[in-house]
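Chemist: This is the content of structure.tsv (TSV, C-alpha atoms):
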```tsv
chain	number	residue	atom	x	y	z
R	1	MET	CA	-9.57	-5.71	-33.78
R	2	THR	CA	-8.26	-5.79	-30.23
R	3	LEU	CA	-9.06	-3.79	-27.13
R	4	THR	CA	-6.24	-2.08	-25.25
R	5	VAL	CA	-5.80	-0.08	-22.05
R	6	GLY	CA	-2.74	2.04	-21.38
R	7	PHE	CA	-1.14	5.40	-20.60
R	8	ARG	CA	1.85	7.63	-21.35
R	9	LEU	CA	3.80	9.46	-18.64
R	10	GLY	CA	6.60	11.99	-18.97
R	11	ASN	CA	9.53	13.10	-16.84
R	12	ASP	CA	10.30	16.79	-17.49
R	13	THR	CA	13.58	16.61	-15.59
R	14	THR	CA	15.09	13.96	-17.85
R	15	ALA	CA	12.91	14.78	-20.91
R	16	ARG	CA	11.93	11.13	-21.11
R	17	GLN	CA	8.57	9.44	-21.58
R	18	VAL	CA	7.15	5.96	-21.18
R	19	THR	CA	4.10	4.34	-22.74
R	20	ALA	CA	2.59	1.14	-21.38
R	21	LEU	CA	-0.47	-0.74	-22.55
R	22	VAL	CA	-2.18	-4.10	-22.22
R	23	THR	CA	-4.04	-5.86	-25.01
R	24	GLU	CA	-6.99	-8.18	-24.57
R	25	GLY	CA	-4.81	-11.07	-25.76
R	26	GLY	CA	-2.84	-10.89	-22.49
R	27	TYR	CA	0.21	-8.91	-23.66
R	28	LEU	CA	1.95	-6.05	-21.87
R	29	HIS	CA	3.72	-3.61	-24.20
R	30	ARG	CA	6.13	-0.85	-23.18
R	31	ALA	CA	8.02	1.87	-25.04
R	32	GLN	CA	10.26	4.58	-23.62
R	33	GLY	CA	12.63	7.26	-24.84
R	34	LEU	CA	13.35	10.97	-25.10
R	35	TYR	CA	10.71	13.54	-25.87
R	36	GLY	CA	10.33	13.97	-29.63
R	37	LYS	CA	12.40	10.87	-30.49
R	38	LEU	CA	11.42	7.39	-31.58
R	39	PRO	CA	10.95	5.36	-28.41
R	40	ARG	CA	12.74	2.10	-27.70
R	41	LEU	CA	10.27	-0.77	-27.69
R	42	SER	CA	10.49	-3.48	-25.06
R	43	ARG	CA	9.75	-7.06	-25.98
R	44	PRO	CA	6.03	-7.82	-25.52
R	45	GLU	CA	5.40	-9.63	-22.24
R	46	ARG	CA	2.74	-12.30	-22.57
R	47	SER	CA	0.88	-13.65	-19.58
R	48	ARG	CA	2.40	-16.94	-18.47
R	49	ALA	CA	-1.12	-18.19	-17.86
R	50	VAL	CA	-1.74	-18.38	-21.64
R	51	ASP	CA	0.43	-21.32	-22.64
R	52	SER	CA	2.45	-22.33	-19.57
R	53	ARG	CA	2.44	-25.97	-18.55
R	54	ASN	CA	3.11	-25.02	-14.96
R	55	PRO	CA	0.09	-26.23	-12.93
R	56	SER	CA	0.34	-23.17	-10.66
R	57	PHE	CA	-1.02	-21.04	-13.54
R	58	ARG	CA	-4.09	-23.19	-14.12
R	59	GLY	CA	-7.29	-21.26	-13.70
R	60	GLU	CA	-5.55	-17.87	-13.81
R	61	HIS	CA	-7.08	-15.41	-16.26
R	62	PRO	CA	-4.62	-14.36	-19.01
R	63	LEU	CA	-5.20	-10.68	-18.21
R	64	ALA	CA	-4.62	-10.91	-14.45
R	65	ARG	CA	-0.83	-10.55	-14.49
R	66	PRO	CA	-0.58	-8.02	-17.36
R	67	ILE	CA	-3.08	-5.72	-15.64
R	68	ALA	CA	-1.25	-6.10	-12.32
R	69	ASP	CA	2.02	-5.27	-14.10
R	70	LEU	CA	0.40	-2.23	-15.73
R	71	ARG	CA	-0.56	-0.94	-12.27
R	72	ARG	CA	2.94	-1.67	-10.97
R	73	HIS	CA	4.66	0.15	-13.84
R	74	HIS	CA	2.38	3.17	-13.39
R	75	THR	CA	3.27	3.34	-9.69
R	76	GLU	CA	7.00	2.77	-10.20
R	77	TYR	CA	7.40	5.29	-13.02
R	78	THR	CA	5.45	7.89	-11.08
R	79	LYS	CA	7.83	7.41	-8.13
R	80	LYS	CA	10.76	7.86	-10.53
R	81	GLY	CA	9.54	11.32	-11.53
R	82	TYR	CA	7.30	10.50	-14.47
R	83	THR	CA	4.56	12.74	-13.15
R	84	ARG	CA	3.45	14.54	-16.31
R	85	VAL	CA	0.40	12.84	-17.81
R	86	LEU	CA	0.99	12.92	-21.55
R	87	ILE	CA	-1.81	10.48	-22.34
R	88	PRO	CA	-4.30	9.79	-19.55
R	89	PRO	CA	-5.17	6.15	-18.90
R	90	ALA	CA	-7.55	5.17	-21.68
R	91	VAL	CA	-9.28	2.26	-23.38
R	92	VAL	CA	-8.77	2.12	-27.15
R	93	ARG	CA	-9.88	-0.40	-29.75
R	94	LEU	CA	-7.20	-0.94	-32.38
R	95	ASP	CA	-7.09	-2.65	-35.75
R	96	LEU	CA	-4.71	-5.43	-34.71
R	97	ASP	CA	-4.93	-9.18	-35.13
R	98	GLU	CA	-3.15	-10.64	-32.12
R	99	THR	CA	-3.24	-14.13	-33.61
R	100	GLN	CA	-0.62	-13.04	-36.14
R	101	PRO	CA	3.12	-12.68	-35.36
R	102	LEU	CA	3.99	-9.14	-34.30
R	103	SER	CA	6.78	-7.78	-36.50
R	104	PRO	CA	8.93	-4.84	-35.35
R	105	VAL	CA	7.10	-2.57	-37.77
R	106	ALA	CA	3.67	-3.73	-36.59
R	107	HIS	CA	4.80	-3.34	-32.99
R	108	ARG	CA	5.70	0.32	-33.53
R	109	GLU	CA	2.45	0.84	-35.44
R	110	LEU	CA	0.60	-0.53	-32.40
R	111	PHE	CA	1.97	2.27	-30.23
R	112	ASN	CA	1.37	4.88	-32.93
R	113	ALA	CA	-2.23	3.74	-33.27
R	114	PHE	CA	-2.79	3.82	-29.51
R	115	THR	CA	-1.29	7.29	-29.00
R	116	GLY	CA	-3.15	8.61	-32.04
R	117	ALA	CA	-6.56	7.31	-30.96
R	118	ALA	CA	-6.37	7.68	-27.16
R	119	PRO	CA	-8.72	10.39	-25.85
R	120	ALA	CA	-7.39	13.22	-23.72
R	121	THR	CA	-10.14	12.84	-21.13
R	122	PRO	CA	-8.53	12.69	-17.66
R	123	GLN	CA	-9.29	9.59	-15.62
R	124	SER	CA	-7.50	7.35	-13.19
R	125	LEU	CA	-5.75	4.17	-14.22
R	126	GLU	CA	-8.18	2.16	-12.10
R	127	ALA	CA	-11.16	3.73	-13.89
R	128	ALA	CA	-9.63	2.84	-17.27
R	129	ILE	CA	-8.94	-0.74	-16.17
R	130	THR	CA	-12.49	-1.06	-14.92
R	131	ALA	CA	-13.83	0.13	-18.29
R	132	PHE	CA	-11.45	-2.23	-20.11
R	133	ARG	CA	-12.61	-5.24	-18.10
R	134	ALA	CA	-16.26	-4.26	-18.44
R	135	ALA	CA	-15.94	-3.99	-22.22
R	136	LEU	CA	-14.58	-7.55	-22.24
R	137	GLY	CA	-17.34	-8.80	-19.95
R	138	LEU	CA	-14.99	-9.42	-17.04
R	139	PRO	CA	-15.74	-8.68	-13.37
R	140	SER	CA	-14.12	-5.59	-11.92
R	141	ARG	CA	-12.96	-4.50	-8.51
R	142	PRO	CA	-15.72	-2.88	-6.45
R	143	GLU	CA	-15.11	0.84	-6.08
R	144	HIS	CA	-15.02	2.82	-2.84
R	145	ILE	CA	-14.46	-0.20	-0.60
R	146	THR	CA	-14.49	0.78	3.04
R	147	TRP	CA	-12.22	-1.45	5.06
R	148	ALA	CA	-13.11	-1.69	8.72
R	149	PRO	CA	-9.94	-2.25	10.75
R	150	ARG	CA	-10.00	-5.35	12.87
R	151	ASP	CA	-9.47	-5.03	16.58
R	152	LYS	CA	-6.31	-6.92	17.36
R	153	THR	CA	-6.38	-9.23	20.34
R	154	LEU	CA	-4.43	-7.67	23.17
R	155	PRO	CA	-1.89	-9.64	25.16
R	156	PRO	CA	-3.48	-10.82	28.43
R	157	ARG	CA	-1.31	-8.56	30.56
R	158	VAL	CA	-2.15	-5.47	28.49
R	159	ALA	CA	-5.85	-6.38	28.53
R	160	ALA	CA	-5.78	-6.67	32.34
R	161	MET	CA	-4.07	-3.29	32.63
R	162	LEU	CA	-6.62	-1.76	30.26
R	163	ARG	CA	-9.44	-3.01	32.48
R	164	THR	CA	-7.72	-1.43	35.48
R	165	LEU	CA	-7.55	1.93	33.71
R	166	LYS	CA	-11.21	1.70	32.71
R	167	ASP	CA	-12.06	1.07	36.37
R	168	GLY	CA	-10.53	4.46	37.20
R	169	SER	CA	-7.37	3.14	38.87
R	170	ALA	CA	-3.78	4.02	38.08
R	171	LEU	CA	-1.08	1.57	37.15
R	172	THR	CA	2.17	1.62	39.09
R	173	PRO	CA	5.20	-0.66	39.02
R	174	ALA	CA	5.16	-3.63	41.36
R	175	ARG	CA	8.56	-2.66	42.82
R	176	ARG	CA	9.13	0.80	44.22
R	177	ARG	CA	12.20	2.36	42.62
R	178	PRO	CA	13.95	5.74	42.75
R	179	VAL	CA	12.90	6.05	39.11
R	180	GLY	CA	9.26	5.06	38.91
R	181	TRP	CA	6.18	5.70	36.86
R	182	SER	CA	2.42	5.76	37.00
R	183	VAL	CA	-0.10	5.38	34.21
R	184	SER	CA	-3.66	6.62	34.72
R	185	ASP	CA	-6.50	8.36	32.94
R	186	GLN	CA	-4.60	11.57	33.78
R	187	GLY	CA	-1.63	10.54	31.67
R	188	VAL	CA	1.79	8.93	31.94
R	189	ARG	CA	4.04	10.32	34.66
R	190	LEU	CA	7.65	9.53	35.56
R	191	HIS	CA	8.84	9.82	39.16
R	192	VAL	CA	12.57	10.54	39.36
R	193	GLY	CA	14.37	10.31	42.68
R	194	PRO	CA	17.72	11.80	43.66
R	195	THR	CA	19.64	9.13	41.76
R	196	GLY	CA	19.11	7.40	38.48
R	197	GLU	CA	18.44	3.74	38.03
R	198	VAL	CA	18.66	1.37	35.09
R	199	LEU	CA	15.47	-0.63	34.61
R	200	ASP	CA	15.96	-4.35	34.19
R	201	GLN	CA	14.21	-6.33	31.47
R	202	ALA	CA	11.24	-7.27	33.64
R	203	ALA	CA	10.66	-3.64	34.57
R	204	VAL	CA	10.85	-2.54	30.96
R	205	VAL	CA	8.36	-5.24	29.91
R	206	GLU	CA	6.00	-4.11	32.66
R	207	LEU	CA	6.24	-0.46	31.63
R	208	GLN	CA	5.76	-1.34	27.95
R	209	ALA	CA	2.58	-3.26	28.77
R	210	ALA	CA	1.27	-0.37	30.87
R	211	LEU	CA	1.98	2.12	28.08
R	212	SER	CA	0.26	-0.14	25.55
R	213	ALA	CA	-2.80	-0.32	27.77
R	214	TRP	CA	-2.79	3.46	28.18
R	215	LEU	CA	-2.52	4.03	24.42
R	216	HIS	CA	-5.53	1.78	23.84
R	217	PHE	CA	-7.37	3.52	26.67
R	218	THR	CA	-6.79	7.00	25.19
R	219	LYS	CA	-6.84	6.27	21.43
R	220	ASP	CA	-10.19	8.03	20.89
R	221	LYS	CA	-9.59	10.84	23.36
R	222	VAL	CA	-8.03	14.26	22.73
R	223	ARG	CA	-5.90	15.08	25.72
R	224	PRO	CA	-4.40	18.50	26.54
R	225	ALA	CA	-0.70	18.62	27.30
R	226	GLN	CA	0.03	18.44	31.03
R	227	GLN	CA	2.63	20.47	32.82
R	228	GLY	CA	4.14	20.46	36.26
R	229	ASP	CA	5.86	17.90	38.39
R	230	GLY	CA	3.18	17.38	41.03
R	231	PRO	CA	1.54	14.02	41.52
R	232	ALA	CA	-1.41	13.19	39.29
R	233	SER	CA	-4.80	12.87	40.93
R	234	ALA	CA	-5.41	9.44	39.54
R	235	GLY	CA	-7.70	7.98	42.14
R	236	ARG	CA	-6.52	4.80	43.73
R	237	CYS	CA	-3.19	3.32	42.59
R	238	VAL	CA	-2.77	-0.39	42.15
R	239	PRO	CA	0.25	-2.44	41.11
R	240	ALA	CA	0.26	-3.45	37.48
R	241	PRO	CA	-1.76	-6.67	37.00
R	242	GLY	CA	0.31	-9.81	36.76
R	243	THR	CA	2.87	-8.69	39.35
R	244	ALA	CA	3.04	-8.87	43.11
R	245	ALA	CA	3.89	-5.84	45.17
R	246	ASP	CA	6.91	-6.02	47.46
```
Could you render the structure from this file as C-alpha coordinates?
Modeler:
Amino acid sequence: MTLTVGFRLGNDTTARQVTALVTEGGYLHRAQGLYGKLPRLSRPERSRAVDSRNPSFRGEHPLARPIADLRRHHTEYTKKGYTRVLIPPAVVRLDLDETQPLSPVAHRELFNAFTGAAPATPQSLEAAITAFRAALGLPSRPEHITWAPRDKTLPPRVAAMLRTLKDGSALTPARRRPVGWSVSDQGVRLHVGPTGEVLDQAAVVELQAALSAWLHFTKDKVRPAQQGDGPASAGRCVPAPGTAAD
(Lines of atoms letter the chains of each structure in order from A and count residues from 1; the text may use other names and numbers.)
(Lines give C-alpha, C1' and ligand atoms only; values in the text may rest on other atoms or scores of the structure.)
Protein backbone atom coordinates (compact mmCIF):
# COMPACT_ATOMS: atom_id res chain seq x y z
CA MET A 1 0.00 0.00 0.00
CA THR A 2 1.15 3.54 -0.71
CA LEU A 3 -0.31 6.94 0.02
CA THR A 4 -0.77 9.42 -2.82
CA VAL A 5 -1.88 13.02 -3.26
CA GLY A 6 -2.90 14.45 -6.61
CA PHE A 7 -5.47 16.13 -8.85
CA ARG A 8 -6.89 16.20 -12.38
CA LEU A 9 -7.53 19.43 -14.29
CA GLY A 10 -9.21 19.96 -17.65
CA ASN A 11 -9.03 22.54 -20.41
CA ASP A 12 -12.42 22.84 -22.14
CA THR A 13 -10.97 24.94 -24.97
CA THR A 14 -8.52 22.26 -26.09
CA ALA A 15 -10.51 19.30 -24.66
CA ARG A 16 -7.39 18.16 -22.85
CA GLN A 17 -6.82 17.00 -19.29
CA VAL A 18 -3.85 16.45 -17.01
CA THR A 19 -3.47 14.28 -13.93
CA ALA A 20 -0.60 14.71 -11.50
CA LEU A 21 0.09 12.86 -8.28
CA VAL A 22 2.86 12.23 -5.76
CA THR A 23 3.43 8.95 -3.97
CA GLU A 24 4.90 8.56 -0.51
CA GLY A 25 7.97 6.93 -2.06
CA GLY A 26 9.01 10.31 -3.50
CA TYR A 27 7.75 9.92 -7.09
CA LEU A 28 5.89 12.47 -9.19
CA HIS A 29 3.60 10.96 -11.83
CA ARG A 30 1.87 12.81 -14.67
CA ALA A 31 -0.55 11.82 -17.42
CA GLN A 32 -2.20 14.04 -20.02
CA GLY A 33 -4.32 13.70 -23.13
CA LEU A 34 -7.67 14.39 -24.77
CA TYR A 35 -10.96 14.01 -22.98
CA GLY A 36 -12.23 10.44 -23.28
CA LYS A 37 -8.93 9.06 -24.64
CA LEU A 38 -6.15 7.10 -23.01
CA PRO A 39 -3.71 9.65 -21.58
CA ARG A 40 -0.02 9.73 -22.40
CA LEU A 41 2.01 8.84 -19.32
CA SER A 42 5.15 10.77 -18.48
CA ARG A 43 8.12 8.96 -17.02
CA PRO A 44 7.93 8.89 -13.21
CA GLU A 45 10.12 11.59 -11.67
CA ARG A 46 11.84 10.40 -8.51
CA SER A 47 13.21 12.81 -5.96
CA ARG A 48 16.94 13.24 -6.45
CA ALA A 49 17.29 13.22 -2.67
CA VAL A 50 16.53 9.47 -2.60
CA ASP A 51 19.68 8.00 -4.10
CA SER A 52 21.80 10.91 -5.33
CA ARG A 53 25.43 11.04 -4.27
CA ASN A 54 25.45 14.80 -4.62
CA PRO A 55 26.18 16.21 -1.13
CA SER A 56 23.83 19.14 -1.78
CA PHE A 57 20.88 16.74 -1.43
CA ARG A 58 21.94 15.40 1.95
CA GLY A 59 19.34 15.97 4.61
CA GLU A 60 16.61 16.82 2.10
CA HIS A 61 13.38 14.89 2.59
CA PRO A 62 12.50 12.70 -0.43
CA LEU A 63 9.04 14.29 -0.66
CA ALA A 64 10.19 17.93 -0.60
CA ARG A 65 10.87 18.31 -4.33
CA PRO A 66 7.97 16.15 -5.61
CA ILE A 67 5.48 18.14 -3.53
CA ALA A 68 7.01 21.42 -4.70
CA ASP A 69 6.76 20.19 -8.30
CA LEU A 70 3.12 19.19 -7.73
CA ARG A 71 2.36 22.75 -6.62
CA ARG A 72 4.27 24.14 -9.59
CA HIS A 73 2.44 21.95 -12.12
CA HIS A 74 -0.93 22.90 -10.61
CA THR A 75 -0.09 26.60 -10.95
CA GLU A 76 1.35 26.30 -14.46
CA TYR A 77 -1.48 24.20 -15.88
CA THR A 78 -4.06 26.52 -14.37
CA LYS A 79 -2.36 29.47 -16.09
CA LYS A 80 -2.48 27.52 -19.37
CA GLY A 81 -6.27 27.26 -19.19
CA TYR A 82 -6.70 24.02 -17.27
CA THR A 83 -9.29 25.58 -15.01
CA ARG A 84 -11.92 22.85 -14.86
CA VAL A 85 -11.46 20.73 -11.74
CA LEU A 86 -12.15 17.18 -12.88
CA ILE A 87 -10.78 15.58 -9.71
CA PRO A 88 -10.24 17.90 -6.75
CA PRO A 89 -6.92 17.59 -4.92
CA ALA A 90 -7.21 14.46 -2.82
CA VAL A 91 -5.29 11.97 -0.70
CA VAL A 92 -5.79 8.34 -1.71
CA ARG A 93 -4.25 5.13 -0.41
CA LEU A 94 -3.55 2.70 -3.23
CA ASP A 95 -2.60 -0.96 -3.42
CA LEU A 96 0.88 -0.39 -4.87
CA ASP A 97 4.25 -1.71 -3.80
CA GLU A 98 6.73 1.02 -4.70
CA THR A 99 9.68 -1.25 -3.98
CA GLN A 100 8.85 -3.21 -7.13
CA PRO A 101 9.69 -2.03 -10.68
CA LEU A 102 6.81 -0.09 -12.23
CA SER A 103 5.85 -1.65 -15.56
CA PRO A 104 3.91 0.35 -18.17
CA VAL A 105 0.77 -1.63 -17.33
CA ALA A 106 1.18 -1.07 -13.59
CA HIS A 107 1.85 2.61 -14.23
CA ARG A 108 -1.46 3.03 -16.07
CA GLU A 109 -3.22 1.02 -13.37
CA LEU A 110 -1.82 3.47 -10.81
CA PHE A 111 -3.63 6.35 -12.49
CA ASN A 112 -6.80 4.31 -12.95
CA ALA A 113 -6.78 3.38 -9.28
CA PHE A 114 -6.24 6.99 -8.21
CA THR A 115 -8.99 8.44 -10.42
CA GLY A 116 -11.36 5.64 -9.41
CA ALA A 117 -10.85 6.08 -5.66
CA ALA A 118 -10.37 9.85 -5.37
CA PRO A 119 -13.29 11.55 -3.59
CA ALA A 120 -15.15 14.40 -5.24
CA THR A 121 -15.02 16.57 -2.13
CA PRO A 122 -13.73 20.04 -3.13
CA GLN A 123 -10.61 21.22 -1.34
CA SER A 124 -7.51 23.20 -2.14
CA LEU A 125 -4.26 21.60 -3.19
CA GLU A 126 -2.60 22.97 -0.05
CA ALA A 127 -5.25 21.33 2.15
CA ALA A 128 -4.69 18.00 0.40
CA ILE A 129 -0.91 18.28 0.78
CA THR A 130 -1.32 19.09 4.45
CA ALA A 131 -3.49 15.99 4.94
CA PHE A 132 -0.99 13.89 2.97
CA ARG A 133 1.93 15.01 5.12
CA ALA A 134 -0.06 14.59 8.33
CA ALA A 135 -0.99 11.02 7.39
CA LEU A 136 2.72 10.29 6.96
CA GLY A 137 3.61 11.96 10.25
CA LEU A 138 5.43 14.85 8.58
CA PRO A 139 5.28 18.50 9.66
CA SER A 140 3.11 20.78 7.56
CA ARG A 141 3.09 24.44 6.69
CA PRO A 142 1.24 26.57 9.25
CA GLU A 143 -2.02 27.85 7.80
CA HIS A 144 -3.19 31.47 7.71
CA ILE A 145 0.25 32.97 8.25
CA THR A 146 0.07 36.73 8.57
CA TRP A 147 3.20 38.36 7.25
CA ALA A 148 3.93 41.76 8.70
CA PRO A 149 5.73 43.88 6.11
CA ARG A 150 9.06 45.20 7.23
CA ASP A 151 9.66 48.91 7.20
CA LYS A 152 12.46 49.50 4.75
CA THR A 153 15.22 51.83 5.83
CA LEU A 154 14.86 55.11 4.00
CA PRO A 155 17.81 56.80 2.34
CA PRO A 156 19.15 59.54 4.64
CA ARG A 157 18.05 62.34 2.33
CA VAL A 158 14.50 60.98 2.06
CA ALA A 159 14.35 60.48 5.84
CA ALA A 160 15.42 64.10 6.41
CA MET A 161 12.77 65.33 3.99
CA LEU A 162 10.15 63.17 5.69
CA ARG A 163 11.01 64.77 9.03
CA THR A 164 10.61 68.20 7.45
CA LEU A 165 7.14 67.30 6.20
CA LYS A 166 6.15 65.95 9.61
CA ASP A 167 7.25 69.26 11.12
CA GLY A 168 4.65 71.00 8.95
CA SER A 169 7.09 72.59 6.49
CA ALA A 170 7.08 72.36 2.72
CA LEU A 171 9.94 71.11 0.60
CA THR A 172 11.17 73.30 -2.24
CA PRO A 173 14.13 72.96 -4.60
CA ALA A 174 17.38 74.53 -3.48
CA ARG A 175 17.70 76.47 -6.76
CA ARG A 176 14.88 78.69 -7.95
CA ARG A 177 13.93 77.78 -11.51
CA PRO A 178 11.25 78.86 -14.00
CA VAL A 179 9.94 75.32 -13.61
CA GLY A 180 9.83 74.56 -9.91
CA TRP A 181 7.97 72.46 -7.41
CA SER A 182 6.92 72.28 -3.81
CA VAL A 183 6.02 69.26 -1.72
CA SER A 184 3.99 69.73 1.46
CA ASP A 185 1.21 68.16 3.49
CA GLN A 186 -1.11 69.90 1.02
CA GLY A 187 0.23 67.88 -1.89
CA VAL A 188 2.74 68.07 -4.74
CA ARG A 189 2.60 71.23 -6.83
CA LEU A 190 4.51 72.24 -9.95
CA HIS A 191 5.29 75.89 -10.64
CA VAL A 192 5.67 76.59 -14.36
CA GLY A 193 7.06 79.91 -15.53
CA PRO A 194 6.76 81.51 -18.96
CA THR A 195 9.41 79.21 -20.43
CA GLY A 196 10.22 75.58 -19.98
CA GLU A 197 13.40 74.23 -18.51
CA VAL A 198 15.08 70.84 -18.58
CA LEU A 199 15.99 69.62 -15.10
CA ASP A 200 19.54 68.38 -14.72
CA GLN A 201 20.38 65.13 -12.95
CA ALA A 202 20.89 66.74 -9.56
CA ALA A 203 17.51 68.44 -9.76
CA VAL A 204 15.79 65.22 -10.75
CA VAL A 205 17.43 63.35 -7.85
CA GLU A 206 16.29 66.07 -5.46
CA LEU A 207 12.72 65.95 -6.73
CA GLN A 208 12.66 62.14 -6.61
CA ALA A 209 13.77 62.20 -2.97
CA ALA A 210 11.12 64.79 -2.11
CA LEU A 211 8.40 62.75 -3.82
CA SER A 212 9.54 59.61 -1.99
CA ALA A 213 9.33 61.44 1.31
CA TRP A 214 5.86 62.73 0.44
CA LEU A 215 4.63 59.25 -0.52
CA HIS A 216 5.81 57.89 2.83
CA PHE A 217 4.26 60.87 4.58
CA THR A 218 0.83 60.31 2.96
CA LYS A 219 0.74 56.50 2.63
CA ASP A 220 -1.94 56.10 5.32
CA LYS A 221 -3.91 59.20 4.42
CA VAL A 222 -6.83 59.54 2.00
CA ARG A 223 -6.41 62.81 0.20
CA PRO A 224 -9.05 64.54 -1.96
CA ALA A 225 -8.00 65.64 -5.41
CA GLN A 226 -6.87 69.27 -5.51
CA GLN A 227 -7.71 71.72 -8.24
CA GLY A 228 -6.58 75.18 -9.18
CA ASP A 229 -3.27 76.79 -9.88
CA GLY A 230 -2.98 78.98 -6.79
CA PRO A 231 -0.16 78.51 -4.33
CA ALA A 232 -0.64 75.90 -1.62
CA SER A 233 -0.93 77.11 1.94
CA ALA A 234 1.84 74.90 3.16
CA GLY A 235 3.12 76.87 6.10
CA ARG A 236 6.76 77.76 5.98
CA CYS A 237 8.82 76.61 2.99
CA VAL A 238 12.34 75.35 3.44
CA PRO A 239 14.87 74.12 0.89
CA ALA A 240 15.08 70.37 0.60
CA PRO A 241 17.47 68.97 3.25
CA GLY A 242 20.94 68.18 2.00
CA THR A 243 21.11 71.18 -0.34
CA ALA A 244 22.10 74.79 0.09
CA ALA A 245 19.89 77.58 -1.16
CA ASP A 246 21.36 80.02 -3.67
Chemist: Suppose you want the space between CA of Glu98 in chain R and CA of Leu9 in chain R; what is it in Å?
Modeler: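 Distance between the two atoms: 25.2 Å.
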Chemist: Just checking: using all atoms listed in the file, which residue out of R:Pro88, R:Pro66, R:Pro104, R:Gly187 ends up closest to Glu24 in chain R?
Modeler: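 Answer, going by the shortest atom-to-atom distance: R:Pro66.
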Chemist: Have a look at R:Leu41, R:Ala160, R:Val204, R:Val5 and name the one nearest to Pro173 in chain R; count all atoms listed in the file.
Modeler: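 Using all atoms listed in the file, the shortest distance to Pro173 in chain R belongs to R:Val204.
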Chemist: Just want the 7 Å neighbourhood of Arg93 in chain R, counted on all atoms listed in the file, with same-chain residues fewer than 4 positions away dropped. Output as a list in words.
Modeler: Met1, Thr2, Leu3 and Thr4 of chain R
Chemist: Would you please work out which residue, of R:Ser47, R:Ser103, R:Ser184, R:Ser42, is nearest to Asp167 in chain R when using only C-alpha atoms?
Modeler: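 Once distances to Asp167 in chain R are computed over only C-alpha atoms, the minimum belongs to R:Ser184.
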